[in-house]
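What follows is the content of run.pdb (PDB, C-alpha atoms, pLDDT in the B column).
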ATOM      1  CA  MET W   1      60.479  33.292  65.287  1.00 61.00           C
ATOM      2  CA  ALA W   2      59.166  31.369  62.284  1.00 69.00           C
ATOM      3  CA  LEU W   3      55.592  30.146  62.083  1.00 73.00           C
ATOM      4  CA  LYS W   4      54.924  26.458  61.708  1.00 72.00           C
ATOM      5  CA  LYS W   5      53.143  25.371  58.578  1.00 70.00           C
ATOM      6  CA  PRO W   6      49.842  23.582  59.234  1.00 66.00           C
ATOM      7  CA  PRO W   7      49.706  19.885  58.447  1.00 65.00           C
ATOM      8  CA  PHE W   8      48.009  18.944  55.211  1.00 63.00           C
ATOM      9  CA  THR W   9      46.189  15.928  56.570  1.00 63.00           C
ATOM     10  CA  ASN W  10      42.701  17.322  55.893  1.00 67.00           C
ATOM     11  CA  ARG W  11      43.492  18.233  52.297  1.00 70.00           C
ATOM     12  CA  ARG W  12      41.326  16.618  49.627  1.00 75.00           C
ATOM     13  CA  ILE W  13      43.197  14.594  47.030  1.00 80.00           C
ATOM     14  CA  VAL W  14      42.144  15.439  43.488  1.00 81.00           C
ATOM     15  CA  THR W  15      42.128  12.608  41.022  1.00 88.00           C
ATOM     16  CA  GLU W  16      43.447  12.965  37.496  1.00 91.00           C
ATOM     17  CA  ALA W  17      39.944  12.501  36.087  1.00 90.00           C
ATOM     18  CA  GLU W  18      38.590  15.359  38.254  1.00 88.00           C
ATOM     19  CA  ALA W  19      41.434  17.623  37.168  1.00 87.00           C
ATOM     20  CA  ASP W  20      40.770  16.832  33.491  1.00 88.00           C
ATOM     21  CA  ALA W  21      37.039  17.463  33.928  1.00 86.00           C
ATOM     22  CA  LEU W  22      37.731  20.848  35.508  1.00 83.00           C
ATOM     23  CA  ALA W  23      40.219  21.765  32.765  1.00 83.00           C
ATOM     24  CA  ASN W  24      37.718  20.807  30.049  1.00 81.00           C
ATOM     25  CA  ARG W  25      34.973  22.804  31.730  1.00 79.00           C
ATOM     26  CA  LEU W  26      37.148  25.914  31.999  1.00 77.00           C
ATOM     27  CA  ALA W  27      38.803  25.562  28.576  1.00 75.00           C
ATOM     28  CA  ASP W  28      35.741  26.763  26.644  1.00 68.00           C
ATOM     29  CA  ARG W  29      35.211  29.732  28.904  1.00 66.00           C
ATOM     30  CA  PRO W  30      36.671  33.017  27.614  1.00 66.00           C
ATOM     31  CA  TYR W  31      38.630  35.255  29.922  1.00 67.00           C
ATOM     32  CA  GLY W  32      36.747  38.140  31.510  1.00 62.00           C
ATOM     33  CA  ASP W  33      33.343  36.597  30.841  1.00 57.00           C
ATOM     34  CA  GLU W  34      32.316  37.014  34.449  1.00 61.00           C
ATOM     35  CA  LYS W  35      29.475  39.320  35.409  1.00 63.00           C
ATOM     36  CA  VAL W  36      30.575  42.910  35.375  1.00 64.00           C
ATOM     37  CA  VAL W  37      28.621  45.298  37.546  1.00 67.00           C
ATOM     38  CA  VAL W  38      28.122  48.540  35.674  1.00 73.00           C
ATOM     39  CA  GLU W  39      27.577  51.454  37.978  1.00 79.00           C
ATOM     40  CA  PRO W  40      25.298  54.177  36.667  1.00 80.00           C
ATOM     41  CA  VAL W  41      27.090  57.297  35.574  1.00 81.00           C
ATOM     42  CA  PRO W  42      26.207  60.104  37.967  1.00 83.00           C
ATOM     43  CA  GLU W  43      24.520  63.065  36.371  1.00 85.00           C
ATOM     44  CA  ILE W  44      26.589  66.190  36.232  1.00 89.00           C
ATOM     45  CA  LEU W  45      24.750  69.120  37.747  1.00 89.00           C
ATOM     46  CA  THR W  46      25.072  72.375  35.834  1.00 90.00           C
ATOM     47  CA  ARG W  47      24.354  75.825  37.183  1.00 92.00           C
ATOM     48  CA  THR W  48      21.758  77.997  35.538  1.00 92.00           C
ATOM     49  CA  THR W  49      19.906  81.179  36.352  1.00 94.00           C
ATOM     50  CA  ILE W  50      16.131  81.456  36.229  1.00 94.00           C
ATOM     51  CA  SER W  51      13.714  84.222  37.102  1.00 96.00           C
ATOM     52  CA  LEU W  52      10.775  83.423  39.358  1.00 96.00           C
ATOM     53  CA  PRO W  53       8.047  85.590  40.818  1.00 97.00           C
ATOM     54  CA  GLN W  54       8.897  86.646  44.402  1.00 97.00           C
ATOM     55  CA  ASN W  55       5.882  84.870  45.862  1.00 97.00           C
ATOM     56  CA  THR W  56       6.788  81.606  44.140  1.00 97.00           C
ATOM     57  CA  LEU W  57      10.388  81.809  45.329  1.00 97.00           C
ATOM     58  CA  ARG W  58       9.263  82.534  48.902  1.00 97.00           C
ATOM     59  CA  GLU W  59       6.916  79.547  48.848  1.00 98.00           C
ATOM     60  CA  ILE W  60       9.712  77.283  47.604  1.00 97.00           C
ATOM     61  CA  GLU W  61      12.124  78.643  50.237  1.00 97.00           C
ATOM     62  CA  ASP W  62       9.520  78.100  52.963  1.00 97.00           C
ATOM     63  CA  LEU W  63       8.939  74.545  51.753  1.00 97.00           C
ATOM     64  CA  ALA W  64      12.703  73.866  51.733  1.00 97.00           C
ATOM     65  CA  LEU W  65      13.048  75.199  55.288  1.00 97.00           C
ATOM     66  CA  TYR W  66      10.079  73.102  56.443  1.00 97.00           C
ATOM     67  CA  ASN W  67      11.540  69.981  54.811  1.00 96.00           C
ATOM     68  CA  LYS W  68      14.893  70.607  56.511  1.00 96.00           C
ATOM     69  CA  ARG W  69      13.257  70.949  59.913  1.00 96.00           C
ATOM     70  CA  VAL W  70      11.122  67.838  59.451  1.00 96.00           C
ATOM     71  CA  GLY W  71      13.992  65.881  57.896  1.00 94.00           C
ATOM     72  CA  ILE W  72      12.387  64.943  54.589  1.00 95.00           C
ATOM     73  CA  ALA W  73      13.633  65.419  51.049  1.00 93.00           C
ATOM     74  CA  PRO W  74      13.935  67.646  49.060  1.00 95.00           C
ATOM     75  CA  LYS W  75      15.700  69.970  51.473  1.00 96.00           C
ATOM     76  CA  SER W  76      16.926  72.709  49.143  1.00 96.00           C
ATOM     77  CA  VAL W  77      15.352  75.139  46.701  1.00 97.00           C
ATOM     78  CA  SER W  78      17.367  73.581  43.874  1.00 96.00           C
ATOM     79  CA  ALA W  79      16.188  70.074  44.738  1.00 96.00           C
ATOM     80  CA  ILE W  80      12.539  71.193  44.878  1.00 97.00           C
ATOM     81  CA  ILE W  81      12.835  72.867  41.471  1.00 97.00           C
ATOM     82  CA  ARG W  82      14.640  69.807  40.010  1.00 95.00           C
ATOM     83  CA  ASP W  83      11.865  67.507  41.258  1.00 96.00           C
ATOM     84  CA  ALA W  84       9.172  69.804  39.856  1.00 97.00           C
ATOM     85  CA  LEU W  85      10.912  70.000  36.464  1.00 96.00           C
ATOM     86  CA  ASP W  86      11.420  66.218  36.355  1.00 94.00           C
ATOM     87  CA  ALA W  87       7.736  65.671  37.097  1.00 96.00           C
ATOM     88  CA  TYR W  88       6.764  68.172  34.403  1.00 96.00           C
ATOM     89  CA  LEU W  89       9.048  66.597  31.798  1.00 95.00           C
ATOM     90  CA  LYS W  90       7.718  63.118  32.544  1.00 94.00           C
ATOM     91  CA  LYS W  91       4.170  64.387  32.173  1.00 94.00           C
ATOM     92  CA  ILE W  92       4.654  65.877  28.702  1.00 91.00           C
TER
END
Would you mind writing the structure in this file as structure tokens?
Amino acid sequence: MALKKPPFTNRRIVTEAEADALANRLADRPYGDEKVVVEPVPEILTRTTISLPQNTLREIEDLALYNKRVGIAPKSVSAIIRDALDAYLKKI
């Protein structure tokens, strides 16, 4: 069964002057000049190995476990170390 097309009785009639004004307004506009949202490039995480004193590592592991249980960030040893290094690098 075919669908009926709606009547065009409520359609606005564009005058020739309005069409020319729109064409003139758009003629000077280059293609692709619209706002382009640039998404930030995600940082690529790279593995590395570091040596820490046992007591320091245990404290960081305890803090990570506590954060997981409470539901706050950072929740992993890696995230805690990343935050600490970021803070240190911003300070110097």
Could you work out an axis-aligned box for stretch 40-44 of chain W, taking every atom the file lists and adding 6 Å on each side, and report centre and edge lengths in Å to one decimal, as lines of an AutoDock Vina configuration file?
center_x = 25.8
center_y = 60.2
center_z = 36.8
size_x = 14.6
size_y = 24.0
size_z = 14.4
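Every residue that the PyMOL selection byres ((chain W and resi 48-62) around 9) selects in this file is listed here: Thr46, Arg47, Leu63, Ala64, Leu65, Tyr66, Asn67, Ser76, Val77, Ile80 and Ile81 of chain W.
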Exercise for the section: Just give me the gap between atom CA of W:Arg82 and atom CA of W:Pro42 in Å, one decimal is fine. Expected result: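 These two atoms are separated by 15.2 Å.
Interatomic distance, atom CA of W:Ile72 against atom CA of W:Ala84: 15.8 Å.
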Exercise for the section: For atom CA of W:Gly71 and atom CA of W:Val41, determine how far apart the two atoms are, in Å to one decimal place. Expected result: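 We find that atom CA of W:Gly71 and atom CA of W:Val41 lie 27.3 Å from each other.
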Fill-in result for stretch 65-89 of chain W, N, CA and C atoms as an mmCIF file, in the frame of the given file:
data_model
loop_
_atom_site.group_PDB
_atom_site.id
_atom_site.type_symbol
_atom_site.label_atom_id
_atom_site.label_comp_id
_atom_site.auth_asym_id
_atom_site.auth_seq_id
_atom_site.Cartn_x
_atom_site.Cartn_y
_atom_site.Cartn_z
ATOM 1 N N LEU W 65 12.770 75.055 53.859
ATOM 2 C CA LEU W 65 13.048 75.199 55.288
ATOM 3 C C LEU W 65 12.215 74.213 56.110
ATOM 4 N N TYR W 66 10.949 74.065 55.746
ATOM 5 C CA TYR W 66 10.079 73.102 56.443
ATOM 6 C C TYR W 66 10.625 71.677 56.278
ATOM 7 N N ASN W 67 11.014 71.326 55.056
ATOM 8 C CA ASN W 67 11.540 69.981 54.811
ATOM 9 C C ASN W 67 12.818 69.726 55.604
ATOM 10 N N LYS W 68 13.666 70.753 55.719
ATOM 11 C CA LYS W 68 14.893 70.607 56.511
ATOM 12 C C LYS W 68 14.561 70.344 57.973
ATOM 13 N N ARG W 69 13.618 71.097 58.499
ATOM 14 C CA ARG W 69 13.257 70.949 59.913
ATOM 15 C C ARG W 69 12.618 69.594 60.201
ATOM 16 N N VAL W 70 11.808 69.123 59.276
ATOM 17 C CA VAL W 70 11.122 67.838 59.451
ATOM 18 C C VAL W 70 12.056 66.673 59.122
ATOM 19 N N GLY W 71 13.037 66.933 58.261
ATOM 20 C CA GLY W 71 13.992 65.881 57.896
ATOM 21 C C GLY W 71 13.568 65.053 56.710
ATOM 22 N N ILE W 72 12.807 65.658 55.794
ATOM 23 C CA ILE W 72 12.387 64.943 54.589
ATOM 24 C C ILE W 72 13.008 65.607 53.365
ATOM 25 N N ALA W 73 13.076 64.880 52.288
ATOM 26 C CA ALA W 73 13.633 65.419 51.049
ATOM 27 C C ALA W 73 12.495 65.936 50.186
ATOM 28 N N PRO W 74 12.733 66.869 49.358
ATOM 29 C CA PRO W 74 13.935 67.646 49.060
ATOM 30 C C PRO W 74 14.128 68.767 50.078
ATOM 31 N N LYS W 75 15.387 69.021 50.405
ATOM 32 C CA LYS W 75 15.700 69.970 51.473
ATOM 33 C C LYS W 75 16.261 71.291 50.968
ATOM 34 N N SER W 76 16.394 71.454 49.666
ATOM 35 C CA SER W 76 16.926 72.709 49.143
ATOM 36 C C SER W 76 16.015 73.229 48.039
ATOM 37 N N VAL W 77 16.143 74.520 47.768
ATOM 38 C CA VAL W 77 15.352 75.139 46.701
ATOM 39 C C VAL W 77 15.686 74.467 45.372
ATOM 40 N N SER W 78 16.955 74.225 45.130
ATOM 41 C CA SER W 78 17.367 73.581 43.874
ATOM 42 C C SER W 78 16.746 72.200 43.726
ATOM 43 N N ALA W 79 16.745 71.432 44.806
ATOM 44 C CA ALA W 79 16.188 70.074 44.738
ATOM 45 C C ALA W 79 14.681 70.118 44.489
ATOM 46 N N ILE W 80 13.986 71.069 45.100
ATOM 47 C CA ILE W 80 12.539 71.193 44.878
ATOM 48 C C ILE W 80 12.263 71.535 43.421
ATOM 49 N N ILE W 81 13.029 72.475 42.872
ATOM 50 C CA ILE W 81 12.835 72.867 41.471
ATOM 51 C C ILE W 81 13.196 71.716 40.539
ATOM 52 N N ARG W 82 14.282 70.967 40.839
ATOM 53 C CA ARG W 82 14.640 69.807 40.010
ATOM 54 C C ARG W 82 13.520 68.773 39.999
ATOM 55 N N ASP W 83 12.961 68.484 41.181
ATOM 56 C CA ASP W 83 11.865 67.507 41.258
ATOM 57 C C ASP W 83 10.656 67.974 40.464
ATOM 58 N N ALA W 84 10.324 69.266 40.580
ATOM 59 C CA ALA W 84 9.172 69.804 39.856
ATOM 60 C C ALA W 84 9.398 69.735 38.344
ATOM 61 N N LEU W 85 10.616 70.069 37.894
ATOM 62 C CA LEU W 85 10.912 70.000 36.464
ATOM 63 C C LEU W 85 10.910 68.564 35.962
ATOM 64 N N ASP W 86 11.449 67.632 36.746
ATOM 65 C CA ASP W 86 11.420 66.218 36.355
ATOM 66 C C ASP W 86 9.990 65.719 36.205
ATOM 67 N N ALA W 87 9.131 66.087 37.154
ATOM 68 C CA ALA W 87 7.736 65.671 37.097
ATOM 69 C C ALA W 87 7.047 66.272 35.864
ATOM 70 N N TYR W 88 7.348 67.516 35.579
ATOM 71 C CA TYR W 88 6.764 68.172 34.403
ATOM 72 C C TYR W 88 7.227 67.505 33.118
ATOM 73 N N LEU W 89 8.528 67.210 33.025
ATOM 74 C CA LEU W 89 9.048 66.597 31.798
ATOM 75 C C LEU W 89 8.543 65.178 31.600
#
